[in-house]
$ cat upload05.cif   # mmCIF, C-alpha atoms
data_structure
loop_
_atom_site.label_atom_id
_atom_site.label_comp_id
_atom_site.auth_asym_id
_atom_site.auth_seq_id
_atom_site.Cartn_x
_atom_site.Cartn_y
_atom_site.Cartn_z
CA MET S 6 -15.05 -4.14 25.16
CA ALA S 7 -16.45 -0.66 25.71
CA GLY S 8 -12.91 0.62 26.28
CA THR S 9 -11.80 -0.84 22.95
CA LEU S 10 -14.72 0.73 21.13
CA ILE S 11 -13.99 4.13 22.65
CA ALA S 12 -10.29 3.83 21.77
CA THR S 13 -11.19 2.93 18.18
CA ARG S 14 -13.68 5.80 17.92
CA ASP S 15 -11.06 8.21 19.27
CA ARG S 16 -8.48 6.97 16.79
CA VAL S 17 -10.91 7.41 13.89
CA ARG S 18 -11.68 10.93 15.10
CA ARG S 19 -7.97 11.81 15.28
CA ILE S 20 -7.25 10.36 11.81
CA ARG S 21 -10.20 12.27 10.37
CA ALA S 22 -8.95 15.50 11.98
CA ALA S 23 -5.46 14.95 10.55
CA VAL S 24 -6.78 14.32 7.03
CA ALA S 25 -9.06 17.35 7.38
CA ARG S 26 -5.98 19.47 8.16
CA TYR S 27 -4.38 18.22 4.92
CA CYS S 28 -7.54 19.04 2.96
CA LYS S 29 -7.74 22.53 4.40
CA LYS S 30 -4.07 23.55 4.52
CA ARG S 31 -2.50 21.78 1.54
CA LEU S 32 -5.37 20.91 -0.77
CA GLY S 33 -7.27 24.14 -0.12
CA ASP S 34 -10.58 22.32 0.19
CA PRO S 35 -12.08 22.46 3.67
CA GLU S 36 -15.25 20.92 2.22
CA ALA S 37 -13.56 17.71 1.01
CA ILE S 38 -15.45 14.56 1.94
CA ILE S 39 -13.51 12.24 4.23
CA GLU S 40 -14.60 8.68 4.91
CA ILE S 41 -12.78 6.33 7.25
CA ARG S 42 -13.75 2.67 7.19
CA PRO S 43 -12.27 -0.60 8.45
CA GLU S 44 -9.89 -2.35 6.07
CA GLU S 45 -10.80 -5.84 4.91
CA GLU S 46 -8.88 -8.68 6.59
CA ILE S 47 -6.71 -6.51 8.79
CA ASP S 48 -7.28 -4.35 11.86
CA LYS S 49 -6.45 -1.07 10.14
CA PHE S 50 -8.33 1.75 8.42
CA VAL S 51 -8.91 2.82 4.83
CA VAL S 52 -9.13 6.58 4.33
CA VAL S 53 -11.15 7.82 1.36
CA VAL S 54 -10.87 11.50 0.41
CA ALA S 55 -13.11 12.99 -2.26
CA SER S 56 -12.37 16.45 -3.60
CA SER S 57 -12.75 18.26 -6.91
CA LYS S 58 -9.26 19.68 -6.27
CA PHE S 59 -7.83 16.27 -7.15
CA LYS S 60 -9.11 16.53 -10.69
CA ASN S 61 -5.90 17.78 -12.31
CA MET S 62 -3.53 16.19 -9.81
CA PRO S 63 -1.82 12.93 -10.88
CA TYR S 64 -2.70 9.91 -8.78
CA SER S 65 0.85 9.52 -7.48
CA GLN S 66 1.07 13.17 -6.45
CA ARG S 67 -2.05 12.74 -4.32
CA GLN S 68 -0.50 9.73 -2.62
CA ASP S 69 2.81 11.51 -2.05
CA GLU S 70 1.28 14.75 -0.80
CA ILE S 71 -1.16 13.28 1.71
CA TRP S 72 1.29 10.87 3.28
CA ASP S 73 4.10 13.43 3.43
CA PHE S 74 1.80 16.01 4.99
CA LEU S 75 0.48 13.59 7.62
CA PHE S 76 3.92 12.39 8.72
CA ALA S 77 5.22 15.97 8.84
CA ASP S 78 2.20 17.24 10.80
CA SER S 79 3.25 17.75 14.41
CA LYS S 80 -0.37 17.45 15.60
CA THR S 81 -0.69 13.92 14.23
CA SER S 82 0.41 10.88 16.22
CA LYS S 83 2.65 8.51 14.24
CA ASP S 84 0.92 5.59 15.98
CA ASP S 85 -2.35 6.68 14.37
CA LEU S 86 -0.74 6.90 10.93
CA PHE S 87 0.55 3.33 11.18
CA GLU S 88 -3.11 2.29 11.56
CA ILE S 89 -3.92 3.54 8.05
CA SER S 90 -3.49 0.74 5.52
CA ARG S 91 -4.10 2.90 2.43
CA ILE S 92 -5.52 6.24 1.34
CA MET S 93 -7.93 6.33 -1.60
CA THR S 94 -8.63 9.57 -3.45
CA GLU S 95 -11.60 10.49 -5.60
CA SER S 96 -11.92 13.58 -7.79
CA GLU S 97 -15.67 13.96 -7.39
CA MET U 16 -10.63 -27.55 9.59
CA ALA U 17 -8.48 -29.13 6.88
CA GLU U 18 -8.32 -25.80 5.03
CA LEU U 19 -6.18 -24.45 7.87
CA THR U 20 -3.38 -26.81 6.85
CA ALA U 21 -3.93 -26.75 3.08
CA PHE U 22 -1.16 -25.42 0.85
CA THR U 23 -1.17 -23.52 -2.44
CA PRO U 24 0.42 -25.23 -5.46
CA THR U 25 3.04 -22.45 -5.68
CA THR U 26 6.36 -23.25 -4.03
CA LYS U 27 8.63 -20.99 -2.01
CA ASP U 28 11.21 -20.99 -4.80
CA GLU U 29 8.52 -20.10 -7.35
CA PHE U 30 7.51 -17.08 -5.27
CA ALA U 31 11.15 -15.96 -5.18
CA GLN U 32 11.29 -16.38 -8.96
CA LEU U 33 7.89 -14.69 -9.42
CA ALA U 34 9.10 -11.57 -7.61
CA GLN U 35 12.11 -11.41 -9.92
CA ASP U 36 9.94 -12.10 -12.99
CA ARG U 37 7.50 -9.33 -12.08
CA LYS U 38 10.45 -6.96 -11.52
CA ARG U 39 11.74 -7.85 -15.01
CA ASP U 40 8.22 -7.28 -16.44
CA PHE U 41 7.99 -3.95 -14.61
CA ASP U 42 11.33 -2.78 -16.03
CA LEU U 43 10.54 -4.08 -19.52
CA LEU U 44 7.13 -2.40 -19.62
CA ARG U 45 8.69 0.88 -18.50
CA SER U 46 11.43 0.63 -21.11
CA GLN U 47 8.71 0.16 -23.76
CA GLY U 48 6.66 3.11 -22.49
CA GLN U 49 3.86 0.84 -21.23
CA TRP U 50 3.35 3.00 -18.17
CA THR U 51 -0.19 2.02 -17.20
CA THR U 52 0.45 -1.74 -17.09
CA SER U 53 3.74 -1.21 -15.27
CA VAL U 54 1.83 0.51 -12.45
CA TYR U 55 -0.51 -2.49 -12.23
CA ILE U 56 2.41 -4.96 -12.15
CA GLY U 57 4.41 -3.10 -9.49
CA GLY U 58 2.45 -4.34 -6.47
CA TYR U 59 2.90 -7.96 -7.50
CA ILE U 60 6.66 -7.70 -6.97
CA VAL U 61 5.97 -6.91 -3.30
CA GLU U 62 3.21 -9.51 -2.99
CA ALA U 63 5.36 -12.34 -4.39
CA ARG U 64 8.36 -11.34 -2.28
CA LEU U 65 6.28 -11.28 0.92
CA LYS U 66 4.77 -14.70 0.14
CA TYR U 67 8.29 -16.02 -0.31
CA LYS U 68 9.28 -14.55 3.05
CA ILE U 69 6.29 -16.18 4.77
CA CYS U 70 7.39 -19.59 3.41
CA GLU U 71 10.93 -18.88 4.54
CA ARG U 72 9.86 -17.84 8.02
CA LEU U 73 7.57 -20.86 8.47
CA ASP U 74 10.19 -23.14 6.87
CA VAL U 75 7.65 -24.65 4.47
CA ASP U 76 8.07 -25.49 0.80
CA ARG U 77 4.61 -24.22 -0.26
CA LEU U 78 2.58 -21.22 0.85
CA PRO U 79 -0.21 -22.16 3.30
CA ALA U 80 -3.53 -21.50 1.55
CA ILE U 81 -4.72 -19.22 4.38
CA PHE U 82 -2.24 -16.62 3.07
CA LYS U 83 -3.94 -16.39 -0.31
CA THR U 84 -4.52 -12.65 -0.12
CA HIS U 85 -3.50 -9.56 -2.09
CA SER U 86 -3.40 -7.41 1.06
CA LEU U 87 0.22 -6.32 1.41
CA LEU U 88 -0.29 -5.14 5.00
CA THR U 89 -1.68 -8.55 5.98
CA LEU U 90 1.28 -10.32 4.35
CA ILE U 91 3.67 -7.98 6.19
CA ILE U 92 2.41 -9.32 9.52
CA TYR U 93 2.88 -12.96 8.62
CA ALA U 94 6.24 -12.34 7.00
CA GLY U 95 7.29 -11.29 10.51
CA VAL U 96 8.40 -7.77 9.62
CA SER U 97 5.59 -5.59 10.98
CA LYS U 98 7.51 -4.47 14.09
CA THR U 99 10.57 -3.60 12.05
CA LEU U 100 8.38 -1.68 9.62
CA ALA U 101 6.77 0.30 12.44
CA ALA U 102 10.15 1.94 13.03
CA LEU U 103 10.55 2.87 9.34
CA PRO U 104 7.98 5.57 8.52
CA GLU U 105 9.38 6.38 5.07
CA ILE U 106 9.10 2.75 4.00
CA TYR U 107 5.64 2.47 5.58
CA LYS U 108 4.50 5.46 3.54
CA ASN U 109 5.76 3.84 0.35
CA LEU U 110 4.21 0.47 1.20
CA SER U 111 0.83 2.11 1.85
CA ARG U 112 1.07 3.96 -1.47
CA ILE U 113 1.79 0.70 -3.30
CA ASN U 114 -0.97 -1.02 -1.31
CA ALA U 115 -3.48 1.61 -2.46
CA VAL U 116 -2.60 1.01 -6.12
CA HIS U 117 -2.64 -2.76 -5.58
CA HIS U 118 -6.20 -2.59 -4.19
CA GLU U 119 -7.71 -0.28 -6.79
CA ALA U 120 -9.53 -2.14 -9.57
CA ILE U 121 -9.08 0.88 -11.84
CA TRP U 122 -5.49 -0.18 -12.63
CA ARG U 123 -6.63 -3.64 -13.75
CA TYR U 124 -9.01 -2.29 -16.37
CA LYS U 125 -7.33 0.97 -17.38
CA THR U 126 -6.33 1.36 -21.02
CA ALA U 127 -2.83 2.62 -21.80
CA ASP U 128 -2.38 6.29 -21.01
CA PRO U 129 0.93 8.11 -21.59
CA LYS U 130 0.08 10.42 -18.67
CA ASP U 131 0.59 7.42 -16.34
CA LYS U 132 4.36 7.81 -16.79
CA ILE U 133 4.26 10.08 -13.74
CA VAL U 134 2.62 7.36 -11.64
CA SER U 135 4.94 4.68 -13.02
CA ASP U 136 8.00 6.77 -12.14
CA ARG U 137 6.70 7.24 -8.62
CA MET U 138 5.91 3.52 -8.31
CA ASN U 139 9.51 2.87 -9.33
CA GLU U 140 10.66 5.12 -6.48
CA TRP U 141 8.25 3.58 -3.96
CA LEU U 142 9.63 0.15 -4.86
CA PHE U 143 13.32 0.75 -5.51
CA HIS U 144 14.44 4.01 -3.90
CA HIS U 145 18.02 3.33 -2.74
CA GLN U 146 17.10 4.02 0.90
CA ASN U 147 13.32 3.86 1.31
CA GLY U 148 12.13 1.56 -1.44
CA VAL U 149 9.96 -1.31 -0.24
CA ILE U 150 11.80 -3.88 -2.36
CA THR U 151 15.15 -2.34 -1.43
CA TRP U 152 14.13 -3.05 2.16
CA LEU U 153 12.68 -6.53 1.57
CA GLY U 154 15.44 -7.65 -0.76
CA LEU U 155 14.92 -9.54 -4.00
#

$ encode --input "upload05.cif" --output "structure tokens"
Amino acid sequence: MAGTLIATRDRVRRIRAAVARYCKKRLGDPEAIIEIRPEEEIDKFVVVVASSKFKNMPYSQRQDEIWDFLFADSKTSKDDLFEISRIMTESE
Amino acid sequence: MAELTAFTPTTKDEFAQLAQDRKRDFDLLRSQGQWTTSVYIGGYIVEARLKYKICERLDVDRLPAIFKTHSLLTLIIYAGVSKTLAALPEIYKNLSRINAVHHEAIWRYKTADPKDKIVSDRMNEWLFHHQNGVITWLGL
């Protein structure tokens, strides 16, 4: 049980770090707010990214950019990315 | 425990038809410049097709009620295609993008906005890209 919890915590940490790299390198917002929470029904994670930089970016462009960055990022494990069920963006 | 073996009223064949109907609606809305509603409809093509595939895989005429969900990733598991999908990152990306739209209440209540053409065009690609479209992969 403890092993599972540690593995989950480590995965969340790695996903957060990967999304933070997107926010810093591509979005140009190192201060973006990143929340990672469990998905309903399924053992995967929802990523929520809030940044004012999204304000003038179409919804679909946000979706395309984040996913393309994450899968192209050599520091990010593909196994971790398959644990993300969806990415939500907010232009706070 | 009876709910575990209950079935929805919708039949396997109706889910197959529903997927095709929603595809027709999606195309029709786009041809009429109804971009916002087309984005909302797009995810239902995938949802109906996956529910059909679950019926097919279980060899049942009606969808078991326990699969009454809008979560596309959950339906992927029970349609028996999650392992195949794990080897197809481009399709996984597109499915997750569609799943995000499908979950967001904003698309249900959004009034028509011509700027949503961009999103509708991308949804069209996520669904029907000749190589990496989710519906191209699932069949219709």

$ residues_around --input "upload05.cif" --residues "range 121-129 of chain U" --least-positions-apart "2" --cutoff "6 Å" --atoms "only C-alpha atoms" --output "PDB file with C-alpha atoms, keeping the file's coordinate frame"
ATOM      1  CA  THR U  51      -0.190   2.020 -17.200  1.00  0.00           C
ATOM      2  CA  TYR U  55      -0.510  -2.490 -12.230  1.00  0.00           C
ATOM      3  CA  GLU U 119      -7.710  -0.280  -6.790  1.00  0.00           C
ATOM      4  CA  ASP U 131       0.590   7.420 -16.340  1.00  0.00           C
ATOM      5  CA  LYS U 132       4.360   7.810 -16.790  1.00  0.00           C
TER       6      LYS U 132
END

$ closest_atom_pairs --input "upload05.cif" --of "chain U" --to "chain S" --cutoff "10 Å" --atoms "all atoms listed in the file" --output "JSON lines"
{"residue": "U:Thr84", "atom": "CA", "partner": "S:Glu46", "partner_atom": "CA", "distance": 8.9}
{"residue": "U:Ser86", "atom": "CA", "partner": "S:Glu46", "partner_atom": "CA", "distance": 7.9}
{"residue": "U:Leu87", "atom": "CA", "partner": "S:Ser90", "partner_atom": "CA", "distance": 9.0}
{"residue": "U:Leu88", "atom": "CA", "partner": "S:Ser90", "partner_atom": "CA", "distance": 6.7}
{"residue": "U:Thr89", "atom": "CA", "partner": "S:Ile47", "partner_atom": "CA", "distance": 6.1}
{"residue": "U:Leu90", "atom": "CA", "partner": "S:Ile47", "partner_atom": "CA", "distance": 9.9}
{"residue": "U:Ile92", "atom": "CA", "partner": "S:Ile47", "partner_atom": "CA", "distance": 9.6}
{"residue": "U:Leu100", "atom": "CA", "partner": "S:Phe87", "partner_atom": "CA", "distance": 9.4}
{"residue": "U:Ala101", "atom": "CA", "partner": "S:Phe87", "partner_atom": "CA", "distance": 7.0}
{"residue": "U:Ala102", "atom": "CA", "partner": "S:Phe87", "partner_atom": "CA", "distance": 9.9}
{"residue": "U:Pro104", "atom": "CA", "partner": "S:Phe76", "partner_atom": "CA", "distance": 7.9}
{"residue": "U:Glu105", "atom": "CA", "partner": "S:Phe76", "partner_atom": "CA", "distance": 8.9}
{"residue": "U:Tyr107", "atom": "CA", "partner": "S:Phe87", "partner_atom": "CA", "distance": 7.6}
{"residue": "U:Lys108", "atom": "CA", "partner": "S:Trp72", "partner_atom": "CA", "distance": 6.3}
{"residue": "U:Asn109", "atom": "CA", "partner": "S:Asp69", "partner_atom": "CA", "distance": 8.6}
{"residue": "U:Leu110", "atom": "CA", "partner": "S:Arg91", "partner_atom": "CA", "distance": 8.7}
{"residue": "U:Ser111", "atom": "CA", "partner": "S:Arg91", "partner_atom": "CA", "distance": 5.0}
{"residue": "U:Arg112", "atom": "CA", "partner": "S:Gln68", "partner_atom": "CA", "distance": 6.1}
{"residue": "U:Ile113", "atom": "CA", "partner": "S:Arg91", "partner_atom": "CA", "distance": 8.5}
{"residue": "U:Asn114", "atom": "CA", "partner": "S:Arg91", "partner_atom": "CA", "distance": 6.3}
{"residue": "U:Ala115", "atom": "CA", "partner": "S:Arg91", "partner_atom": "CA", "distance": 5.1}
{"residue": "U:Val116", "atom": "CA", "partner": "S:Met93", "partner_atom": "CA", "distance": 8.8}
{"residue": "U:His117", "atom": "CA", "partner": "S:Arg91", "partner_atom": "CA", "distance": 9.9}
{"residue": "U:His118", "atom": "CA", "partner": "S:Arg91", "partner_atom": "CA", "distance": 8.9}
{"residue": "U:Glu119", "atom": "CA", "partner": "S:Met93", "partner_atom": "CA", "distance": 8.4}
{"residue": "U:Lys130", "atom": "CA", "partner": "S:Pro63", "partner_atom": "CA", "distance": 8.4}
{"residue": "U:Asp131", "atom": "CA", "partner": "S:Pro63", "partner_atom": "CA", "distance": 8.1}
{"residue": "U:Lys132", "atom": "CA", "partner": "S:Pro63", "partner_atom": "CA", "distance": 10.0}
{"residue": "U:Ile133", "atom": "CA", "partner": "S:Ser65", "partner_atom": "CA", "distance": 7.2}
{"residue": "U:Val134", "atom": "CA", "partner": "S:Ser65", "partner_atom": "CA", "distance": 5.0}
{"residue": "U:Ser135", "atom": "CA", "partner": "S:Ser65", "partner_atom": "CA", "distance": 8.4}
{"residue": "U:Asp136", "atom": "CA", "partner": "S:Ser65", "partner_atom": "CA", "distance": 9.0}
{"residue": "U:Arg137", "atom": "CA", "partner": "S:Ser65", "partner_atom": "CA", "distance": 6.4}
{"residue": "U:Met138", "atom": "CA", "partner": "S:Ser65", "partner_atom": "CA", "distance": 7.9}
{"residue": "U:Trp141", "atom": "CA", "partner": "S:Asp69", "partner_atom": "CA", "distance": 9.8}

$ closest_residue --input "upload05.cif" --among "U:Val61, U:Val54, U:Ala31, U:Leu142" --to "Ile106 in chain U" --atoms "all atoms listed in the file"
U:Leu142

$ closest_residue --input "upload05.cif" --among "S:Ala37, S:Val53, S:Cys28, S:Val17" --to "Glu70 in chain S" --atoms "all atoms listed in the file"
S:Cys28

$ closest_residue --input "upload05.cif" --among "S:Ile39, S:Arg18, S:Ala25, S:Ile11" --to "Phe74 in chain S" --atoms "all atoms listed in the file"
S:Ala25

$ atom_distance --input "upload05.cif" --atom1 "CA of Thr52 in chain U" --atom2 "CA of Phe30 in chain U"
20.6 Å

$ atom_distance --input "upload05.cif" --atom1 "CA of Ser97 in chain U" --atom2 "CA of Ser82 in chain S"
18.0 Å
